[in-house]
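Heads up: the structure comes next, in structure tokens.
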Amino acid sequence: MKSITAWIRRIGLQLACVPLMLGAAASVAAQDVVSVPGTPSNVTSGVDRMISYRFQEHMWQTDDGATHLMVNRGPLSTRGALTLYTSFDNGATWSAKAVIPKTDFTSTADGVMDGNELRLVYSDVAGAIMSALLRYDPVTVKWSQVKIKSPVVFSDPAVLALSPGLGVDAKGTLWCAFAVQDRTTLVSDLRISARTTRAARWVDTGQRIGEPGAGDLIQRSAKPIRRPGGMGLLASVQEKLIWATRPNSAAVTAAWSASTFFVAEPPYDSDPYGGHFSLIDDTRNNLHLITPDKGRPLYFRFDDATQSWAAPLVAGGALGTGYVQATRAGESIVLVANHLFEQAVYRSDDYGLSFALTHRLVHPSDGVVIDSPPRMETPAVSRGPVPLVQQYQDGAVQKLLWFEIPVE
């Protein structure tokens, strides 16, 4: 195959082929596409929100070659729904290593891995946002939960809080952005809390991202990300994408500089926009963002030199894209987007200036019922072949397929 359109016809999506459209700052190269087979794993769940949301990080790798995955098991876990799994054999088998108490089927978590320490923020059964610190021992290959003072990020019985995103700046300050909804008025908003290395507890920074809205809690999400000399934050508020920044020299309660850089055109996707993006940086401090819009994967590149977002690249036309992931593997940027039941893999070796469609992920022929769009997860940073899990259904149980995407 020498073109993307030929590849789309080959995998039999039964859709009218839409030509590839390019943003002003990016291009896509065509080359042969390699099939990567998936293998079923032993990880199971009783809820469809097994690996969500897309903007959160649920998979990490450690220097000993282990892969770690946060899964919501729902009623299959009695002590807490959020369960941390570890695999030492490239996804062939997984072992439950830690359970986050007081979590249920609605709970989601976001984590930042630093060496062998995993910092987490998550929503609990009461609708509060909590924090935790887990430590991995590569000698005993065990995880332990480190006791921390004041783990509560946000708690208000009059307010429901969900969808936390976590970032850590160069000074060690923790930043957590999360969606809230007043339980009486149903007015929703995005808030930011912070905790410095010297603070005894988390504080409300007083910052709000985007305009408040009624009844649209799950259409709001935000991910803080470290930037040179400061902090950035990518927020999704309904059909808008918002970029906000702050310097490390400012007080934690100082205002962020925020602007809207993309507004989707109607008709809007029926699936909520909040939580549908994946954001990473590269070794040159550029940012790479992928998000679905009208069944298409949109790619945005933030150039660190110009401090600006380029016009989006639209890959593949309207092919039922609902789940997307971005990963940095060495100097390569790897983007994955579902095309209905299948996944397409795009790779850039020039920091996002151009991409090639390199792989498609194929399923076993028997016993695998794939939802459309299929949920999937990759780590933000990969140390070798990019690991990917994709959710599928086996009767009333949710399971995961394991893939390894080669990166030369």
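Each chain in the structure tokens gets a letter, A, B and so on, in the order shown; residues start at 1 in every chain, and ligands are counted from 1 in the order they appear.
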Determine, for each residue of range 158-276 of chain A having at least one atom at most 12 Å from an atom of range 102-117 of chain A, the closest pair of atoms and their separation in Å to one decimal, counting only C-alpha atoms; order by chain and ascending number, as CSV.
residue,atom,partner,partner_atom,distance
A:Leu160,CA,A:Thr106,CA,11.5
A:Ala161,CA,A:Ser107,CA,10.2
A:Leu162,CA,A:Ser107,CA,7.6
A:Ser163,CA,A:Thr108,CA,6.3
A:Pro164,CA,A:Asp110,CA,6.5
A:Gly165,CA,A:Asp110,CA,5.5
A:Leu166,CA,A:Asp110,CA,6.1
A:Gly167,CA,A:Val112,CA,6.9
A:Val168,CA,A:Val112,CA,7.8
A:Asp169,CA,A:Val112,CA,11.2
A:Gly172,CA,A:Asp114,CA,11.1
A:Leu174,CA,A:Val112,CA,10.1
A:Trp175,CA,A:Val112,CA,11.0
A:Cys176,CA,A:Asp110,CA,9.5
A:Ala177,CA,A:Asp110,CA,10.5
A:Phe178,CA,A:Asp110,CA,10.6
A:Ile218,CA,A:Thr106,CA,11.4
A:Ser221,CA,A:Asp110,CA,11.7
A:Ala222,CA,A:Asp110,CA,11.0
A:Lys223,CA,A:Asp110,CA,9.2
A:Pro224,CA,A:Asp110,CA,10.7
A:Ile225,CA,A:Val112,CA,10.1
A:Arg226,CA,A:Val112,CA,11.0
A:Gly275,CA,A:Thr108,CA,11.1
Include N, CA and C atoms and write out the residues we just selected as a PDB file, in the first residue's frame.
ATOM      1  N   LEU A 160     -20.505  18.103  43.342  1.00  0.00           N
ATOM      2  CA  LEU A 160     -19.972  16.859  42.790  1.00  0.00           C
ATOM      3  C   LEU A 160     -18.735  17.180  41.970  1.00  0.00           C
ATOM      4  N   ALA A 161     -17.633  16.495  42.265  1.00  0.00           N
ATOM      5  CA  ALA A 161     -16.379  16.726  41.540  1.00  0.00           C
ATOM      6  C   ALA A 161     -15.947  15.450  40.831  1.00  0.00           C
ATOM      7  N   LEU A 162     -15.501  15.587  39.581  1.00  0.00           N
ATOM      8  CA  LEU A 162     -15.092  14.454  38.757  1.00  0.00           C
ATOM      9  C   LEU A 162     -13.902  14.844  37.878  1.00  0.00           C
ATOM     10  N   SER A 163     -13.347  13.857  37.187  1.00  0.00           N
ATOM     11  CA  SER A 163     -12.414  14.032  36.071  1.00  0.00           C
ATOM     12  C   SER A 163     -11.166  14.838  36.432  1.00  0.00           C
ATOM     13  N   PRO A 164     -10.412  14.437  37.448  1.00  0.00           N
ATOM     14  CA  PRO A 164      -9.216  15.210  37.790  1.00  0.00           C
ATOM     15  C   PRO A 164      -8.063  14.976  36.812  1.00  0.00           C
ATOM     16  N   GLY A 165      -7.259  16.017  36.613  1.00  0.00           N
ATOM     17  CA  GLY A 165      -6.025  15.933  35.854  1.00  0.00           C
ATOM     18  C   GLY A 165      -4.891  16.485  36.692  1.00  0.00           C
ATOM     19  N   LEU A 166      -3.712  15.865  36.622  1.00  0.00           N
ATOM     20  CA  LEU A 166      -2.597  16.202  37.505  1.00  0.00           C
ATOM     21  C   LEU A 166      -1.370  16.616  36.707  1.00  0.00           C
ATOM     22  N   GLY A 167      -0.645  17.605  37.231  1.00  0.00           N
ATOM     23  CA  GLY A 167       0.641  18.000  36.688  1.00  0.00           C
ATOM     24  C   GLY A 167       1.546  18.459  37.816  1.00  0.00           C
ATOM     25  N   VAL A 168       2.863  18.365  37.596  1.00  0.00           N
ATOM     26  CA  VAL A 168       3.850  18.763  38.590  1.00  0.00           C
ATOM     27  C   VAL A 168       4.841  19.708  37.925  1.00  0.00           C
ATOM     28  N   ASP A 169       5.037  20.904  38.502  1.00  0.00           N
ATOM     29  CA  ASP A 169       5.966  21.839  37.888  1.00  0.00           C
ATOM     30  C   ASP A 169       7.394  21.592  38.369  1.00  0.00           C
ATOM     31  N   GLY A 172       8.173  21.399  42.056  1.00  0.00           N
ATOM     32  CA  GLY A 172       7.547  20.337  42.824  1.00  0.00           C
ATOM     33  C   GLY A 172       6.126  20.637  43.246  1.00  0.00           C
ATOM     34  N   LEU A 174       2.268  20.630  43.018  1.00  0.00           N
ATOM     35  CA  LEU A 174       1.268  19.789  42.369  1.00  0.00           C
ATOM     36  C   LEU A 174       0.099  20.659  41.924  1.00  0.00           C
ATOM     37  N   TRP A 175      -0.371  20.436  40.708  1.00  0.00           N
ATOM     38  CA  TRP A 175      -1.508  21.166  40.149  1.00  0.00           C
ATOM     39  C   TRP A 175      -2.577  20.171  39.738  1.00  0.00           C
ATOM     40  N   CYS A 176      -3.775  20.367  40.228  1.00  0.00           N
ATOM     41  CA  CYS A 176      -4.895  19.473  39.906  1.00  0.00           C
ATOM     42  C   CYS A 176      -6.053  20.293  39.356  1.00  0.00           C
ATOM     43  N   ALA A 177      -6.476  19.976  38.143  1.00  0.00           N
ATOM     44  CA  ALA A 177      -7.655  20.589  37.540  1.00  0.00           C
ATOM     45  C   ALA A 177      -8.767  19.557  37.507  1.00  0.00           C
ATOM     46  N   PHE A 178      -9.988  19.974  37.785  1.00  0.00           N
ATOM     47  CA  PHE A 178     -11.094  19.022  37.863  1.00  0.00           C
ATOM     48  C   PHE A 178     -12.413  19.729  37.570  1.00  0.00           C
ATOM     49  N   ILE A 218     -19.765  16.419  32.382  1.00  0.00           N
ATOM     50  CA  ILE A 218     -18.855  15.498  31.707  1.00  0.00           C
ATOM     51  C   ILE A 218     -18.336  16.054  30.386  1.00  0.00           C
ATOM     52  N   SER A 221     -13.043  19.038  30.952  1.00  0.00           N
ATOM     53  CA  SER A 221     -11.871  18.371  31.508  1.00  0.00           C
ATOM     54  C   SER A 221     -10.652  19.222  31.228  1.00  0.00           C
ATOM     55  N   ALA A 222      -9.592  19.007  32.026  1.00  0.00           N
ATOM     56  CA  ALA A 222      -8.377  19.790  31.852  1.00  0.00           C
ATOM     57  C   ALA A 222      -7.176  18.987  32.315  1.00  0.00           C
ATOM     58  N   LYS A 223      -6.043  19.181  31.625  1.00  0.00           N
ATOM     59  CA  LYS A 223      -4.813  18.481  31.942  1.00  0.00           C
ATOM     60  C   LYS A 223      -3.675  19.489  32.131  1.00  0.00           C
ATOM     61  N   PRO A 224      -3.144  19.619  33.361  1.00  0.00           N
ATOM     62  CA  PRO A 224      -1.946  20.444  33.550  1.00  0.00           C
ATOM     63  C   PRO A 224      -0.716  19.712  33.011  1.00  0.00           C
ATOM     64  N   ILE A 225       0.235  20.483  32.475  1.00  0.00           N
ATOM     65  CA  ILE A 225       1.455  19.896  31.932  1.00  0.00           C
ATOM     66  C   ILE A 225       2.613  20.851  32.164  1.00  0.00           C
ATOM     67  N   ARG A 226       3.764  20.294  32.569  1.00  0.00           N
ATOM     68  CA  ARG A 226       4.929  21.124  32.864  1.00  0.00           C
ATOM     69  C   ARG A 226       5.455  21.795  31.604  1.00  0.00           C
ATOM     70  N   GLY A 275     -12.798  15.380  28.009  1.00  0.00           N
ATOM     71  CA  GLY A 275     -12.035  14.163  28.232  1.00  0.00           C
ATOM     72  C   GLY A 275     -11.622  13.427  26.994  1.00  0.00           C
TER      73      GLY A 275
END
field: Long-range neighbours of Ala179 in chain A as a ChimeraX atom specification, 12 Å cut-off, only C-alpha atoms, 6 positions minimum in chain
entry: /A:122-123,127-129,154,159-165,186-193,208-210,212-213,215-223,235-237,274-275
With C-alpha atoms retained, export the selected residues as a compact mmCIF listing (two decimals), in the first residue's frame.
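And here's selection_36.txt as it stands now:
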# COMPACT_ATOMS: atom_id res chain seq x y z
CA TYR A 122 -8.84 10.53 41.68
CA SER A 123 -12.54 10.97 42.35
CA GLY A 127 -17.76 13.00 44.76
CA ALA A 128 -14.56 14.46 46.23
CA ILE A 129 -11.12 14.71 44.60
CA PHE A 154 -11.34 19.12 47.07
CA VAL A 159 -20.73 19.92 44.94
CA LEU A 160 -19.97 16.86 42.79
CA ALA A 161 -16.38 16.73 41.54
CA LEU A 162 -15.09 14.45 38.76
CA SER A 163 -12.41 14.03 36.07
CA PRO A 164 -9.22 15.21 37.79
CA GLY A 165 -6.02 15.93 35.85
CA LEU A 186 -26.41 21.73 38.20
CA VAL A 187 -24.09 24.56 37.14
CA SER A 188 -20.69 23.13 36.13
CA ASP A 189 -17.22 24.61 36.05
CA LEU A 190 -13.50 23.74 35.88
CA ARG A 191 -11.40 24.51 38.95
CA ILE A 192 -7.69 24.36 39.82
CA SER A 193 -6.18 23.39 43.17
CA ARG A 208 -11.86 28.94 36.84
CA ILE A 209 -11.37 27.79 33.24
CA GLY A 210 -14.06 28.48 30.63
CA PRO A 212 -19.81 28.00 33.65
CA GLY A 213 -22.63 25.96 32.16
CA GLY A 215 -25.81 20.25 33.16
CA ASP A 216 -22.60 19.72 31.19
CA LEU A 217 -20.27 18.30 33.86
CA ILE A 218 -18.86 15.50 31.71
CA GLN A 219 -18.19 17.91 28.84
CA ARG A 220 -15.40 19.58 30.82
CA SER A 221 -11.87 18.37 31.51
CA ALA A 222 -8.38 19.79 31.85
CA LYS A 223 -4.81 18.48 31.94
CA ALA A 235 -8.88 22.45 28.82
CA SER A 236 -11.77 21.01 26.85
CA VAL A 237 -15.07 22.82 27.48
CA GLY A 274 -14.84 16.67 27.72
CA GLY A 275 -12.04 14.16 28.23
- prompt: Could you write out, as a PyMOL selection string, all the residues of range 218-368 of chain A that DSSP marks as strand (DSSP E)?
  reply: chain A and resi 220-227+230-237+240-247+257-263+278-281+287-293+296-303+308-309+313-314+324-329+332-339+342-348+354-362
Dump as a tab-separated table (two decimals), in the first residue's frame, selection limited to C-alpha atoms:
chain	number	residue	atom	x	y	z
A	220	ARG	CA	-15.40	19.58	30.82
A	221	SER	CA	-11.87	18.37	31.51
A	222	ALA	CA	-8.38	19.79	31.85
A	223	LYS	CA	-4.81	18.48	31.94
A	224	PRO	CA	-1.95	20.44	33.55
A	225	ILE	CA	1.45	19.90	31.93
A	226	ARG	CA	4.93	21.12	32.86
A	227	ARG	CA	6.42	23.84	30.68
A	230	GLY	CA	6.10	27.40	34.34
A	231	MET	CA	2.95	25.36	33.87
A	232	GLY	CA	0.52	24.89	31.02
A	233	LEU	CA	-3.05	23.63	31.04
A	234	LEU	CA	-5.13	22.25	28.17
A	235	ALA	CA	-8.88	22.45	28.82
A	236	SER	CA	-11.77	21.01	26.85
A	237	VAL	CA	-15.07	22.82	27.48
A	240	LYS	CA	-13.86	24.66	22.77
A	241	LEU	CA	-10.18	23.95	23.38
A	242	ILE	CA	-8.51	26.40	25.79
A	243	TRP	CA	-4.80	26.86	26.47
A	244	ALA	CA	-3.67	28.47	29.74
A	245	THR	CA	-0.19	29.19	31.16
A	246	ARG	CA	1.46	30.56	34.29
A	247	PRO	CA	5.09	31.23	35.34
A	257	SER	CA	-3.21	33.53	31.02
A	258	ALA	CA	-5.88	31.69	29.02
A	259	SER	CA	-7.21	31.82	25.45
A	260	THR	CA	-9.42	29.66	23.22
A	261	PHE	CA	-7.47	28.34	20.21
A	262	PHE	CA	-10.04	26.02	18.62
A	263	VAL	CA	-13.83	25.96	18.39
A	278	SER	CA	-4.55	13.27	24.60
A	279	LEU	CA	-1.67	15.68	25.24
A	280	ILE	CA	2.10	15.07	25.44
A	281	ASP	CA	5.33	17.04	25.07
A	287	LEU	CA	3.34	19.92	22.53
A	288	HIS	CA	1.30	17.36	20.61
A	289	LEU	CA	-2.47	17.13	20.97
A	290	ILE	CA	-4.92	14.74	19.35
A	291	THR	CA	-8.69	14.94	19.77
A	292	PRO	CA	-11.73	13.64	17.87
A	293	ASP	CA	-14.15	15.89	16.01
A	296	ARG	CA	-12.17	12.49	12.62
A	297	PRO	CA	-8.89	12.59	14.53
A	298	LEU	CA	-7.56	16.15	14.75
A	299	TYR	CA	-3.86	16.75	15.48
A	300	PHE	CA	-2.59	20.05	16.86
A	301	ARG	CA	1.07	21.04	17.31
A	302	PHE	CA	2.25	23.69	19.75
A	303	ASP	CA	5.59	25.15	18.68
A	308	SER	CA	1.62	29.15	19.31
A	309	TRP	CA	-0.71	26.37	18.17
A	313	LEU	CA	-4.13	18.26	10.70
A	314	VAL	CA	-7.16	16.11	9.92
A	324	VAL	CA	-7.30	8.80	20.66
A	325	GLN	CA	-3.91	8.46	22.35
A	326	ALA	CA	-0.53	10.19	22.05
A	327	THR	CA	2.85	8.77	23.14
A	328	ARG	CA	6.44	9.93	23.01
A	329	ALA	CA	8.77	7.03	22.16
A	332	SER	CA	9.27	9.83	17.85
A	333	ILE	CA	5.69	10.99	18.37
A	334	VAL	CA	3.12	8.18	18.05
A	335	LEU	CA	-0.59	8.93	17.63
A	336	VAL	CA	-3.30	6.27	17.73
A	337	ALA	CA	-6.91	6.85	16.66
A	338	ASN	CA	-9.70	4.36	16.21
A	339	HIS	CA	-11.30	4.05	12.78
A	342	GLU	CA	-9.83	-0.76	14.30
A	343	GLN	CA	-6.93	1.47	15.32
A	344	ALA	CA	-4.63	3.42	13.02
A	345	VAL	CA	-1.11	4.36	14.15
A	346	TYR	CA	0.61	7.52	12.91
A	347	ARG	CA	4.27	8.26	13.66
A	348	SER	CA	6.37	11.39	13.37
A	354	SER	CA	5.09	15.33	9.37
A	355	PHE	CA	3.47	11.97	10.07
A	356	ALA	CA	3.34	8.57	8.41
A	357	LEU	CA	0.55	6.04	8.78
A	358	THR	CA	2.65	3.06	9.89
A	359	HIS	CA	0.49	0.37	11.56
A	360	ARG	CA	-3.00	-0.92	12.05
A	361	LEU	CA	-4.02	-2.96	15.07
A	362	VAL	CA	-5.91	-6.16	14.25
task: Could you tell me how far CA of Val203 in chain A lies from CA of Ala254 in chain A, in Å and to one decimal?
output: 12.4 Å
task: May I have the residues within 6 Å of Glu404 in chain A as a PyMOL selection string, using only C-alpha atoms and disregarding those fewer than 6 positions away in the same chain?
output: chain A and resi 385-387
